[in-house]
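**Student:** Starting off with a structure, shown below.
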Amino acid sequence: MQDPDPFQLFGKNNEMSVLNDKPWNIEAKAHLLDDAVTPNSSMFIRNNGIIPKNIDPQNWTLTIDGESVISKKSYSLEDLKTKFKQYTYQLTIECGGNGRSEYDPPAKGNQWTIGAVHCANWTGVRLRDILEDAEIKEDAVYTGFHGIDQHLSGDPSKEPISRGCPIEKGLQDETLLAFQMNGKAIPLAHGYPLRLVAGGWPGSVSGKWVNRISVRNVVHDGAKMKGMAYRVPCKPVAPGEKVNEDDMCIIESMPVKSLITYPKSGAILKKSKTLNIRGHAWASEYEVASMAYSIDFGATWHKCLLEKPVNRLAWQHFSAKIDFPAEGYYEVWAKATDSNGLSQPMVVPGWNPKGYLNNACHRIAIKIM
Ligand SMILES: Nc1nc2c(c(=O)[nH]1)N[C@H]1C(S)=C(S)[C@@H](COP(=O)(O)O)O[C@H]1N2
Ligand SMILES: [Mo]
């Protein structure tokens, strides 16, 4: 039997790139992310294990347990949908390893280029409301999620991933336990029937197929919380340097970044024409404060128009009209600056063993004839 066609299987645009099929990891291209709100067809898929099958939403339960709950409590999907207020937010999710392919020496793992980011509409209940209903203790410091996907080894006693976040992030208004994406049931590959969405933080915090959340009185110690996974050196290191596990710190919010989504790199334009570029920028817990472009490799920068986010943690849209001085080859570079005053670096930032947090400027090629 032939392997299933991933584009059909997941409803993805056939220009998406399949980086791995065991487990499935698929990324977008910049021009596929042009929509204000990312449709399923262009959303990257990142899996650490095997996508679950035969989910029965009628019998789904979410259990809240851990040292820092008074007594464990379970909810059906119906409970979640009927007993709590629902919210919809546009939330940016970027994989911590987005941009990994550019590190040198290379880092193992999926060689994401720029396409492991999306900003969809998520509808669900606030994790905070559920945790308050379940009554958490004052000593709560961390959350830890558990999903029903299987470890690649097939060993049922192992979890592929079980990460979490400091309780403060878990209690934010926008941290959702979502059951809808873009107004419909969440597609299976994105976490049907229930997933966490913690916008702005490494995607690995947004647990899919979630059926249990532990409220911990210590930093969660689930699969991929320790060692090198989703961690970077606490102090900068030289490229290729060996780093002890003890000197690695957990990644929290993602750094400021942007993407030019129109035109497609390689576009050809007549000299007399103005080029309208557009794209998105995001800065996790901060807002993007300004957006600039350069057509001379960063020698001079010019302002882009930048929109406000529709809500906190949503990406922001930018655009600019560019007139080129002469015929020839150009690159358009885009650089975002956040409300904390930090900008994107023009080259790949600090090397780290697993190749996380590459927020270098995005650039596209343009030919003027
Ligand atoms: N249960 C479960 N949740 C998970 C993962 C996983 O493998 N299993 N991968 C995480 C990672 S690393 C990322 S980047 C996001 C990707 O979400 P998406 O596949 O919906 O784009 O899901 C996160 N949640
Ligand atoms: Mo990720």
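Please note that chains go A, B, ... in the order of the structure tokens, that every chain numbers its residues from 1, and that ligands are numbered from 1 in the order shown.
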Can you tell me which residues surround A:Asp79 at a distance of at most 12 Å, considering only C-alpha atoms, apart from same-chain residues fewer than 3 positions away, and format the answer as a VMD selection string?
**Tutor:** chain A and resid 58 to 63 73 to 76 82 to 86 124 to 125 130 133
**Student:** Could the residues in this selection be written to a file with N, CA and C atoms, as a PDB file, in the first residue's frame?
**Tutor:**
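Result file part-v5.pdb:
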ATOM      1  N   GLN A  58     -17.527  12.149  22.811  1.00  0.00           N
ATOM      2  CA  GLN A  58     -18.578  11.936  23.819  1.00  0.00           C
ATOM      3  C   GLN A  58     -17.983  11.468  25.148  1.00  0.00           C
ATOM      4  N   ASN A  59     -16.938  10.692  25.039  1.00  0.00           N
ATOM      5  CA  ASN A  59     -16.344  10.121  26.258  1.00  0.00           C
ATOM      6  C   ASN A  59     -15.015  10.767  26.631  1.00  0.00           C
ATOM      7  N   TRP A  60     -14.774  11.957  26.091  1.00  0.00           N
ATOM      8  CA  TRP A  60     -13.506  12.638  26.407  1.00  0.00           C
ATOM      9  C   TRP A  60     -13.599  13.275  27.791  1.00  0.00           C
ATOM     10  N   THR A  61     -12.574  13.100  28.590  1.00  0.00           N
ATOM     11  CA  THR A  61     -12.559  13.844  29.851  1.00  0.00           C
ATOM     12  C   THR A  61     -11.239  14.580  29.998  1.00  0.00           C
ATOM     13  N   LEU A  62     -11.342  15.723  30.643  1.00  0.00           N
ATOM     14  CA  LEU A  62     -10.158  16.485  31.013  1.00  0.00           C
ATOM     15  C   LEU A  62     -10.053  16.406  32.535  1.00  0.00           C
ATOM     16  N   THR A  63      -8.930  15.910  33.019  1.00  0.00           N
ATOM     17  CA  THR A  63      -8.738  15.808  34.462  1.00  0.00           C
ATOM     18  C   THR A  63      -7.724  16.849  34.916  1.00  0.00           C
ATOM     19  N   LYS A  73     -10.193  16.755  39.741  1.00  0.00           N
ATOM     20  CA  LYS A  73     -11.536  16.983  39.220  1.00  0.00           C
ATOM     21  C   LYS A  73     -11.538  16.714  37.715  1.00  0.00           C
ATOM     22  N   SER A  74     -12.626  16.135  37.214  1.00  0.00           N
ATOM     23  CA  SER A  74     -12.715  15.847  35.776  1.00  0.00           C
ATOM     24  C   SER A  74     -13.892  16.548  35.127  1.00  0.00           C
ATOM     25  N   TYR A  75     -13.733  16.867  33.867  1.00  0.00           N
ATOM     26  CA  TYR A  75     -14.762  17.563  33.086  1.00  0.00           C
ATOM     27  C   TYR A  75     -14.947  16.845  31.762  1.00  0.00           C
ATOM     28  N   SER A  76     -16.202  16.724  31.334  1.00  0.00           N
ATOM     29  CA  SER A  76     -16.438  16.241  29.968  1.00  0.00           C
ATOM     30  C   SER A  76     -16.328  17.448  29.039  1.00  0.00           C
ATOM     31  N   THR A  82     -20.433  24.043  28.293  1.00  0.00           N
ATOM     32  CA  THR A  82     -21.690  24.608  28.804  1.00  0.00           C
ATOM     33  C   THR A  82     -21.542  25.328  30.134  1.00  0.00           C
ATOM     34  N   LYS A  83     -20.551  24.969  30.920  1.00  0.00           N
ATOM     35  CA  LYS A  83     -20.474  25.552  32.269  1.00  0.00           C
ATOM     36  C   LYS A  83     -19.546  26.760  32.365  1.00  0.00           C
ATOM     37  N   PHE A  84     -18.806  27.025  31.288  1.00  0.00           N
ATOM     38  CA  PHE A  84     -17.828  28.119  31.352  1.00  0.00           C
ATOM     39  C   PHE A  84     -18.023  29.056  30.170  1.00  0.00           C
ATOM     40  N   LYS A  85     -17.639  30.302  30.384  1.00  0.00           N
ATOM     41  CA  LYS A  85     -17.752  31.296  29.311  1.00  0.00           C
ATOM     42  C   LYS A  85     -16.722  30.969  28.215  1.00  0.00           C
ATOM     43  N   GLN A  86     -17.117  31.188  26.968  1.00  0.00           N
ATOM     44  CA  GLN A  86     -16.212  30.908  25.851  1.00  0.00           C
ATOM     45  C   GLN A  86     -15.601  32.196  25.299  1.00  0.00           C
ATOM     46  N   GLY A 124     -12.463  28.680  22.899  1.00  0.00           N
ATOM     47  CA  GLY A 124     -12.512  27.704  23.980  1.00  0.00           C
ATOM     48  C   GLY A 124     -12.773  28.400  25.291  1.00  0.00           C
ATOM     49  N   VAL A 125     -12.385  27.744  26.358  1.00  0.00           N
ATOM     50  CA  VAL A 125     -12.567  28.322  27.686  1.00  0.00           C
ATOM     51  C   VAL A 125     -11.198  28.727  28.222  1.00  0.00           C
ATOM     52  N   ILE A 130     -11.060  27.140  34.499  1.00  0.00           N
ATOM     53  CA  ILE A 130     -11.111  25.719  34.867  1.00  0.00           C
ATOM     54  C   ILE A 130     -10.276  25.496  36.126  1.00  0.00           C
ATOM     55  N   ASP A 133     -12.086  26.762  39.087  1.00  0.00           N
ATOM     56  CA  ASP A 133     -13.188  25.853  39.439  1.00  0.00           C
ATOM     57  C   ASP A 133     -12.643  24.606  40.150  1.00  0.00           C
TER      58      ASP A 133
END
**Student:** Which chain A residues have any atom within 6 Å of an atom of ligand 1, and for each, what is the nearest pair of atoms with distance in Å to one decimal, counting only C-alpha atoms and all ligand atoms, rows sorted by chain and number, as JSON lines?
**Tutor:**
{"residue": "A:Phe44", "atom": "CA", "partner": "ligand 1", "partner_atom_place_in_ligand_line": "21 (O)", "distance": 4.8}
{"residue": "A:Ile45", "atom": "CA", "partner": "ligand 1", "partner_atom_place_in_ligand_line": "19 (O)", "distance": 3.5}
{"residue": "A:Arg46", "atom": "CA", "partner": "ligand 1", "partner_atom_place_in_ligand_line": "19 (O)", "distance": 4.0}
{"residue": "A:Asn47", "atom": "CA", "partner": "ligand 1", "partner_atom_place_in_ligand_line": "7 (O)", "distance": 3.6}
{"residue": "A:Asn48", "atom": "CA", "partner": "ligand 1", "partner_atom_place_in_ligand_line": "7 (O)", "distance": 3.5}
{"residue": "A:Gly49", "atom": "CA", "partner": "ligand 1", "partner_atom_place_in_ligand_line": "7 (O)", "distance": 5.3}
{"residue": "A:Cys95", "atom": "CA", "partner": "ligand 1", "partner_atom_place_in_ligand_line": "14 (S)", "distance": 3.7}
{"residue": "A:Gly147", "atom": "CA", "partner": "ligand 1", "partner_atom_place_in_ligand_line": "1 (N)", "distance": 4.3}
{"residue": "A:Asp149", "atom": "CA", "partner": "ligand 1", "partner_atom_place_in_ligand_line": "1 (N)", "distance": 5.6}
{"residue": "A:Ile161", "atom": "CA", "partner": "ligand 1", "partner_atom_place_in_ligand_line": "8 (N)", "distance": 5.6}
{"residue": "A:His190", "atom": "CA", "partner": "ligand 1", "partner_atom_place_in_ligand_line": "20 (O)", "distance": 3.8}
{"residue": "A:Gly203", "atom": "CA", "partner": "ligand 1", "partner_atom_place_in_ligand_line": "14 (S)", "distance": 3.6}
{"residue": "A:Ser204", "atom": "CA", "partner": "ligand 1", "partner_atom_place_in_ligand_line": "11 (C)", "distance": 3.5}
{"residue": "A:Ser206", "atom": "CA", "partner": "ligand 1", "partner_atom_place_in_ligand_line": "24 (N)", "distance": 4.9}
{"residue": "A:Gly207", "atom": "CA", "partner": "ligand 1", "partner_atom_place_in_ligand_line": "3 (N)", "distance": 3.7}
{"residue": "A:Lys208", "atom": "CA", "partner": "ligand 1", "partner_atom_place_in_ligand_line": "3 (N)", "distance": 3.8}
{"residue": "A:Trp209", "atom": "CA", "partner": "ligand 1", "partner_atom_place_in_ligand_line": "1 (N)", "distance": 5.4}
**Student:** What's the separation between atom CA of A:Val332 and atom CA of A:Ile277, in Å to one decimal place?
**Tutor:**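 Value for the atom CA of A:Val332-atom CA of A:Ile277 distance: 9.0 Å.
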**Student:** Excluding stretch 217-234 of chain A and residues on its chain fewer than 5 positions from it, collect all residues at most 10 Å away from it, counting only C-alpha atoms, and give them as a ChimeraX atom specification.
**Tutor:** /A:48,66-69,95-97,137-146,158-167,202-205,242-252,350-357
**Student:** How would the residues just picked look written out with C-alpha atoms as a CSV table (one decimal), in the first residue's frame?
**Tutor:**
chain,number,residue,atom,x,y,z
A,48,ASN,CA,6.7,14.5,18.6
A,66,GLY,CA,-1.3,17.5,40.6
A,67,GLU,CA,0.2,18.5,44.0
A,68,SER,CA,-1.4,21.9,43.9
A,69,VAL,CA,-5.1,21.0,43.4
A,95,CYS,CA,7.6,26.3,17.1
A,96,GLY,CA,10.7,27.0,19.2
A,97,GLY,CA,12.8,25.3,16.4
A,137,LYS,CA,-3.5,25.9,46.1
A,138,GLU,CA,-1.3,28.9,46.7
A,139,ASP,CA,1.8,26.9,46.2
A,140,ALA,CA,1.1,26.3,42.5
A,141,VAL,CA,4.1,27.2,40.3
A,142,TYR,CA,3.7,25.3,37.1
A,143,THR,CA,1.2,23.5,34.8
A,144,GLY,CA,2.0,20.3,33.0
A,145,PHE,CA,-0.2,18.9,30.2
A,146,HIS,CA,-0.7,15.3,29.1
A,158,LYS,CA,6.2,6.7,27.6
A,159,GLU,CA,4.8,10.1,26.6
A,160,PRO,CA,6.1,11.8,23.5
A,161,ILE,CA,5.9,15.2,25.1
A,162,SER,CA,4.4,16.6,28.4
A,163,ARG,CA,5.3,20.3,28.8
A,164,GLY,CA,3.8,23.2,30.6
A,165,CYS,CA,4.3,26.8,31.7
A,166,PRO,CA,4.7,28.9,34.8
A,167,ILE,CA,1.3,29.3,36.5
A,202,PRO,CA,7.2,28.1,22.1
A,203,GLY,CA,4.5,25.9,20.4
A,204,SER,CA,5.5,23.0,22.5
A,205,VAL,CA,3.6,24.6,25.5
A,242,LYS,CA,29.4,21.6,24.4
A,243,VAL,CA,26.9,22.8,27.1
A,244,ASN,CA,26.1,20.9,30.3
A,245,GLU,CA,22.4,20.1,30.9
A,246,ASP,CA,22.6,22.1,34.1
A,247,ASP,CA,23.6,25.2,32.2
A,248,MET,CA,20.5,25.1,30.0
A,249,CYS,CA,17.4,27.3,30.7
A,250,ILE,CA,13.8,26.7,29.6
A,251,ILE,CA,12.6,28.9,26.7
A,252,GLU,CA,9.7,31.1,27.7
A,350,GLY,CA,23.2,33.1,19.3
A,351,TRP,CA,24.0,29.5,18.4
A,352,ASN,CA,22.5,26.9,20.7
A,353,PRO,CA,22.7,23.1,20.7
A,354,LYS,CA,19.2,22.4,19.5
A,355,GLY,CA,18.9,25.4,17.2
A,356,TYR,CA,16.0,27.3,18.8
A,357,LEU,CA,15.0,30.9,18.7
**Student:** Have a look at A:Arg363, A:Lys257, A:His118, A:Lys184 and name the one nearest to ligand 2; count only C-alpha atoms and all ligand atoms.
**Tutor:**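 Counting only C-alpha atoms and all ligand atoms, the residue closest to ligand 2 is A:His118.
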**Student:** If you measure from atom CA of A:Ile93 to atom CA of A:Pro187, what distance in Å do you get, rounded to one decimal?
**Tutor:** 15.7 Å
**Student:** Which polymer residues have any atom within 12 Å of an atom of A:Leu32, counting only C-alpha atoms, with same-chain residues fewer than 4 positions away left out, as an mmCIF file with N, CA, C and O atoms, in the first residue's frame?
**Tutor:**
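Now in selection06.cif:
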data_model
loop_
_atom_site.group_PDB
_atom_site.id
_atom_site.type_symbol
_atom_site.label_atom_id
_atom_site.label_comp_id
_atom_site.auth_asym_id
_atom_site.auth_seq_id
_atom_site.Cartn_x
_atom_site.Cartn_y
_atom_site.Cartn_z
ATOM 1 N N LYS A 12 -3.909 19.994 3.637
ATOM 2 C CA LYS A 12 -2.894 21.048 3.500
ATOM 3 C C LYS A 12 -2.657 21.414 2.041
ATOM 4 O O LYS A 12 -2.790 20.568 1.146
ATOM 5 N N ASN A 13 -2.265 22.650 1.826
ATOM 6 C CA ASN A 13 -1.865 23.134 0.513
ATOM 7 C C ASN A 13 -0.689 22.276 0.025
ATOM 8 O O ASN A 13 0.240 22.017 0.791
ATOM 9 N N ASN A 14 -0.719 21.870 -1.246
ATOM 10 C CA ASN A 14 0.350 20.960 -1.679
ATOM 11 C C ASN A 14 1.689 21.640 -1.925
ATOM 12 O O ASN A 14 2.661 20.987 -2.290
ATOM 13 N N GLU A 15 1.755 22.944 -1.648
ATOM 14 C CA GLU A 15 3.082 23.599 -1.655
ATOM 15 C C GLU A 15 3.759 23.540 -0.282
ATOM 16 O O GLU A 15 4.878 24.022 -0.120
ATOM 17 N N MET A 16 3.070 22.995 0.725
ATOM 18 C CA MET A 16 3.704 22.842 2.047
ATOM 19 C C MET A 16 4.868 21.851 1.923
ATOM 20 O O MET A 16 4.867 20.990 1.049
ATOM 21 N N SER A 17 5.848 21.966 2.821
ATOM 22 C CA SER A 17 6.995 21.041 2.773
ATOM 23 C C SER A 17 6.874 20.007 3.888
ATOM 24 O O SER A 17 6.743 20.372 5.056
ATOM 25 N N GLU A 27 5.805 21.991 7.121
ATOM 26 C CA GLU A 27 5.852 23.455 7.306
ATOM 27 C C GLU A 27 5.324 24.218 6.106
ATOM 28 O O GLU A 27 5.256 23.695 4.990
ATOM 29 N N ALA A 28 4.997 25.478 6.344
ATOM 30 C CA ALA A 28 4.457 26.353 5.300
ATOM 31 C C ALA A 28 5.597 27.055 4.580
ATOM 32 O O ALA A 28 6.745 27.008 5.003
ATOM 33 N N ALA A 36 -4.649 37.081 6.769
ATOM 34 C CA ALA A 36 -4.614 37.739 8.084
ATOM 35 C C ALA A 36 -4.731 36.691 9.189
ATOM 36 O O ALA A 36 -4.037 36.738 10.203
ATOM 37 N N VAL A 37 -5.645 35.745 8.975
ATOM 38 C CA VAL A 37 -5.843 34.637 9.917
ATOM 39 C C VAL A 37 -5.477 33.369 9.153
ATOM 40 O O VAL A 37 -6.000 33.131 8.063
ATOM 41 N N THR A 38 -4.591 32.576 9.694
ATOM 42 C CA THR A 38 -4.084 31.425 8.930
ATOM 43 C C THR A 38 -5.151 30.334 8.794
ATOM 44 O O THR A 38 -5.689 29.863 9.794
ATOM 45 N N PRO A 39 -5.461 29.935 7.545
ATOM 46 C CA PRO A 39 -6.395 28.824 7.364
ATOM 47 C C PRO A 39 -5.693 27.488 7.634
ATOM 48 O O PRO A 39 -4.462 27.406 7.522
ATOM 49 N N ASN A 40 -6.466 26.466 7.954
ATOM 50 C CA ASN A 40 -5.884 25.143 8.211
ATOM 51 C C ASN A 40 -4.929 24.723 7.102
ATOM 52 O O ASN A 40 -3.870 24.155 7.364
ATOM 53 N N SER A 41 -5.280 25.029 5.860
ATOM 54 C CA SER A 41 -4.498 24.534 4.720
ATOM 55 C C SER A 41 -3.049 25.014 4.739
ATOM 56 O O SER A 41 -2.196 24.413 4.105
ATOM 57 N N SER A 42 -2.764 26.092 5.470
ATOM 58 C CA SER A 42 -1.389 26.627 5.509
ATOM 59 C C SER A 42 -0.734 26.497 6.876
ATOM 60 O O SER A 42 0.356 27.024 7.081
ATOM 61 N N MET A 43 -1.382 25.833 7.802
ATOM 62 C CA MET A 43 -0.811 25.749 9.153
ATOM 63 C C MET A 43 0.204 24.625 9.259
ATOM 64 O O MET A 43 -0.086 23.493 8.860
ATOM 65 N N PHE A 44 1.373 24.936 9.799
ATOM 66 C CA PHE A 44 2.379 23.882 9.985
ATOM 67 C C PHE A 44 1.847 22.854 10.977
ATOM 68 O O PHE A 44 0.980 23.160 11.810
ATOM 69 N N ILE A 114 11.261 28.847 7.637
ATOM 70 C CA ILE A 114 10.546 29.989 8.238
ATOM 71 C C ILE A 114 9.077 29.682 8.507
ATOM 72 O O ILE A 114 8.366 30.503 9.062
ATOM 73 N N GLY A 115 8.666 28.455 8.119
ATOM 74 C CA GLY A 115 7.217 28.209 8.063
ATOM 75 C C GLY A 115 6.570 27.550 9.252
ATOM 76 O O GLY A 115 5.430 27.097 9.151
ATOM 77 N N ALA A 116 7.260 27.495 10.408
ATOM 78 C CA ALA A 116 6.634 26.855 11.578
ATOM 79 C C ALA A 116 5.995 27.903 12.481
ATOM 80 O O ALA A 116 6.330 28.056 13.657
ATOM 81 N N VAL A 117 5.097 28.666 11.887
ATOM 82 C CA VAL A 117 4.357 29.687 12.645
ATOM 83 C C VAL A 117 2.968 29.806 12.032
ATOM 84 O O VAL A 117 2.788 29.619 10.826
ATOM 85 N N HIS A 118 1.987 30.043 12.875
ATOM 86 C CA HIS A 118 0.639 30.343 12.383
ATOM 87 C C HIS A 118 -0.094 31.213 13.383
ATOM 88 O O HIS A 118 0.300 31.307 14.553
ATOM 89 N N LEU A 259 7.617 38.230 8.960
ATOM 90 C CA LEU A 259 7.643 37.433 7.740
ATOM 91 C C LEU A 259 7.021 38.257 6.620
ATOM 92 O O LEU A 259 5.941 38.832 6.803
ATOM 93 N N ILE A 260 7.718 38.314 5.476
ATOM 94 C CA ILE A 260 7.129 38.967 4.297
ATOM 95 C C ILE A 260 6.335 37.893 3.560
ATOM 96 O O ILE A 260 6.905 36.899 3.105
ATOM 97 N N THR A 261 5.024 38.092 3.452
ATOM 98 C CA THR A 261 4.192 37.037 2.864
ATOM 99 C C THR A 261 3.756 37.361 1.437
ATOM 100 O O THR A 261 3.183 36.525 0.748
ATOM 101 N N TYR A 262 4.013 38.611 1.007
ATOM 102 C CA TYR A 262 3.761 38.999 -0.377
ATOM 103 C C TYR A 262 4.766 40.061 -0.759
ATOM 104 O O TYR A 262 4.979 40.968 0.017
ATOM 105 N N PRO A 263 5.398 39.980 -1.924
ATOM 106 C CA PRO A 263 5.251 38.908 -2.914
ATOM 107 C C PRO A 263 6.074 37.677 -2.523
ATOM 108 O O PRO A 263 6.767 37.683 -1.517
ATOM 109 N N LYS A 264 5.972 36.693 -3.384
ATOM 110 C CA LYS A 264 6.756 35.484 -3.236
ATOM 111 C C LYS A 264 8.189 35.820 -3.612
ATOM 112 O O LYS A 264 8.419 36.595 -4.549
ATOM 113 N N SER A 265 9.139 35.246 -2.893
ATOM 114 C CA SER A 265 10.539 35.486 -3.232
ATOM 115 C C SER A 265 10.781 35.083 -4.685
ATOM 116 O O SER A 265 10.281 34.059 -5.147
ATOM 117 N N GLY A 279 3.055 41.612 5.133
ATOM 118 C CA GLY A 279 3.400 40.450 5.948
ATOM 119 C C GLY A 279 2.898 40.624 7.363
ATOM 120 O O GLY A 279 2.015 41.458 7.635
#
**Student:** Excluding A:Asp5 and residues on its chain fewer than 4 positions from it, collect all residues at most 12 Å away from it, counting only C-alpha atoms, and give them as number ranges by chain.
**Tutor:** A: 1, 9-14, 18, 21, 24
**Student:** Could you name the residues that touch A:Asp323 at 10 Å or less, counting only C-alpha atoms, but leaving out those on the same chain fewer than 6 positions away, as a ChimeraX atom specification?
**Tutor:** /A:271-276,295
**Student:** DSSP on the backbone: which residues in stretch 68-292 of chain A end up as strand (DSSP E or B)? Give the answer as a ChimeraX atom specification.
**Tutor:** /A:69,73-76,86-94,117-126,136,142-147,150,166,176-181,184-185,195-197,202,210-216,231-233,248-250,257-262,267-269,275-282,288-292
**Student:** Take the residues that were just selected and, keeping C-alpha atoms, output them as an mmCIF file, in the first residue's frame.
**Tutor:**
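File part37.cif, as written:
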data_model
loop_
_atom_site.group_PDB
_atom_site.id
_atom_site.type_symbol
_atom_site.label_atom_id
_atom_site.label_comp_id
_atom_site.auth_asym_id
_atom_site.auth_seq_id
_atom_site.Cartn_x
_atom_site.Cartn_y
_atom_site.Cartn_z
ATOM 1 C CA VAL A 69 -5.080 21.004 43.445
ATOM 2 C CA LYS A 73 -11.536 16.983 39.220
ATOM 3 C CA SER A 74 -12.715 15.847 35.776
ATOM 4 C CA TYR A 75 -14.762 17.563 33.086
ATOM 5 C CA SER A 76 -16.438 16.241 29.968
ATOM 6 C CA GLN A 86 -16.212 30.908 25.851
ATOM 7 C CA TYR A 87 -13.653 33.222 24.318
ATOM 8 C CA THR A 88 -12.158 33.579 20.861
ATOM 9 C CA TYR A 89 -8.681 34.980 20.308
ATOM 10 C CA GLN A 90 -6.263 35.109 17.401
ATOM 11 C CA LEU A 91 -3.112 33.548 18.795
ATOM 12 C CA THR A 92 0.341 33.214 17.287
ATOM 13 C CA ILE A 93 1.959 29.838 17.744
ATOM 14 C CA GLU A 94 5.553 29.460 16.617
ATOM 15 C CA VAL A 117 4.357 29.687 12.645
ATOM 16 C CA HIS A 118 0.639 30.343 12.383
ATOM 17 C CA CYS A 119 -1.976 32.677 13.769
ATOM 18 C CA ALA A 120 -5.464 31.151 13.758
ATOM 19 C CA ASN A 121 -8.663 31.964 15.620
ATOM 20 C CA TRP A 122 -9.012 29.747 18.661
ATOM 21 C CA THR A 123 -12.248 29.337 20.609
ATOM 22 C CA GLY A 124 -12.512 27.704 23.980
ATOM 23 C CA VAL A 125 -12.567 28.322 27.686
ATOM 24 C CA ARG A 126 -9.939 30.050 29.760
ATOM 25 C CA ILE A 136 -5.755 25.316 43.043
ATOM 26 C CA TYR A 142 3.689 25.345 37.062
ATOM 27 C CA THR A 143 1.241 23.519 34.808
ATOM 28 C CA GLY A 144 1.998 20.266 32.988
ATOM 29 C CA PHE A 145 -0.150 18.890 30.177
ATOM 30 C CA HIS A 146 -0.749 15.313 29.147
ATOM 31 C CA GLY A 147 -2.094 14.355 25.723
ATOM 32 C CA GLN A 150 1.610 7.815 21.462
ATOM 33 C CA PRO A 166 4.657 28.862 34.819
ATOM 34 C CA LEU A 176 -7.188 28.766 26.266
ATOM 35 C CA LEU A 177 -8.349 25.217 26.396
ATOM 36 C CA ALA A 178 -9.653 25.325 22.857
ATOM 37 C CA PHE A 179 -12.150 23.129 21.059
ATOM 38 C CA GLN A 180 -12.495 25.202 17.907
ATOM 39 C CA MET A 181 -10.045 26.513 15.351
ATOM 40 C CA LYS A 184 -14.866 24.724 13.381
ATOM 41 C CA ALA A 185 -13.890 21.671 15.434
ATOM 42 C CA ARG A 195 -5.896 21.548 23.070
ATOM 43 C CA LEU A 196 -4.094 24.197 25.010
ATOM 44 C CA VAL A 197 -3.188 27.411 23.246
ATOM 45 C CA PRO A 202 7.158 28.079 22.078
ATOM 46 C CA VAL A 210 -5.078 17.220 26.097
ATOM 47 C CA ASN A 211 -6.884 15.013 28.613
ATOM 48 C CA ARG A 212 -5.023 15.927 31.791
ATOM 49 C CA ILE A 213 -3.423 19.016 33.246
ATOM 50 C CA SER A 214 -1.368 18.726 36.383
ATOM 51 C CA VAL A 215 -0.970 21.768 38.582
ATOM 52 C CA ARG A 216 2.475 21.422 40.040
ATOM 53 C CA ARG A 231 16.063 24.838 26.380
ATOM 54 C CA VAL A 232 18.888 27.205 25.443
ATOM 55 C CA PRO A 233 22.184 27.939 27.200
ATOM 56 C CA MET A 248 20.464 25.083 29.966
ATOM 57 C CA CYS A 249 17.409 27.268 30.688
ATOM 58 C CA ILE A 250 13.777 26.667 29.639
ATOM 59 C CA LYS A 257 10.004 38.257 14.453
ATOM 60 C CA SER A 258 8.342 38.962 11.106
ATOM 61 C CA LEU A 259 7.643 37.433 7.740
ATOM 62 C CA ILE A 260 7.129 38.967 4.297
ATOM 63 C CA THR A 261 4.192 37.037 2.864
ATOM 64 C CA TYR A 262 3.761 38.999 -0.377
ATOM 65 C CA ALA A 267 9.107 37.980 -8.128
ATOM 66 C CA ILE A 268 9.948 39.960 -11.287
ATOM 67 C CA LEU A 269 8.687 43.523 -11.637
ATOM 68 C CA LEU A 275 5.961 47.094 -5.272
ATOM 69 C CA ASN A 276 3.476 46.606 -2.454
ATOM 70 C CA ILE A 277 4.925 44.291 0.165
ATOM 71 C CA ARG A 278 3.025 42.913 3.127
ATOM 72 C CA GLY A 279 3.400 40.450 5.948
ATOM 73 C CA HIS A 280 3.028 39.836 9.671
ATOM 74 C CA ALA A 281 5.093 40.554 12.757
ATOM 75 C CA TRP A 282 4.806 39.227 16.305
ATOM 76 C CA VAL A 288 5.438 45.019 17.746
ATOM 77 C CA ALA A 289 6.119 48.758 17.980
ATOM 78 C CA SER A 290 7.585 49.434 14.533
ATOM 79 C CA MET A 291 8.404 47.691 11.307
ATOM 80 C CA ALA A 292 11.064 48.615 8.759
#
**Student:** So how far away is atom CA of A:Ala336 from atom CA of A:Leu171, in Å?
**Tutor:**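 Result for atom CA of A:Leu171 versus atom CA of A:Ala336: 27.9 Å, one decimal.
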**Student:** Counting only C-alpha atoms and all ligand atoms, which of A:Leu33, A:Ile55, A:Met254, A:Leu305 gets nearest to ligand 2?
**Tutor:**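 Among A:Leu33, A:Ile55, A:Met254, A:Leu305, it is A:Met254 that comes nearest to ligand 2.
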**Student:** Got a sec to tell me which of stretch 108-282 of chain A DSSP assigns to helix (DSSP H, G or I), as a list in words?
**Tutor:**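 Taking stretch 108-282 of chain A and keeping helix (DSSP H, G or I) gives Leu127, Arg128, Asp129, Ile130, Leu131, Glu132, Asp133, Ala134, Ile167, Glu168, Lys169, Gly170, Leu188, Ala189, His190, Gly203, Ser204, Val205, Glu245, Asp246 and Asp247 of chain A.
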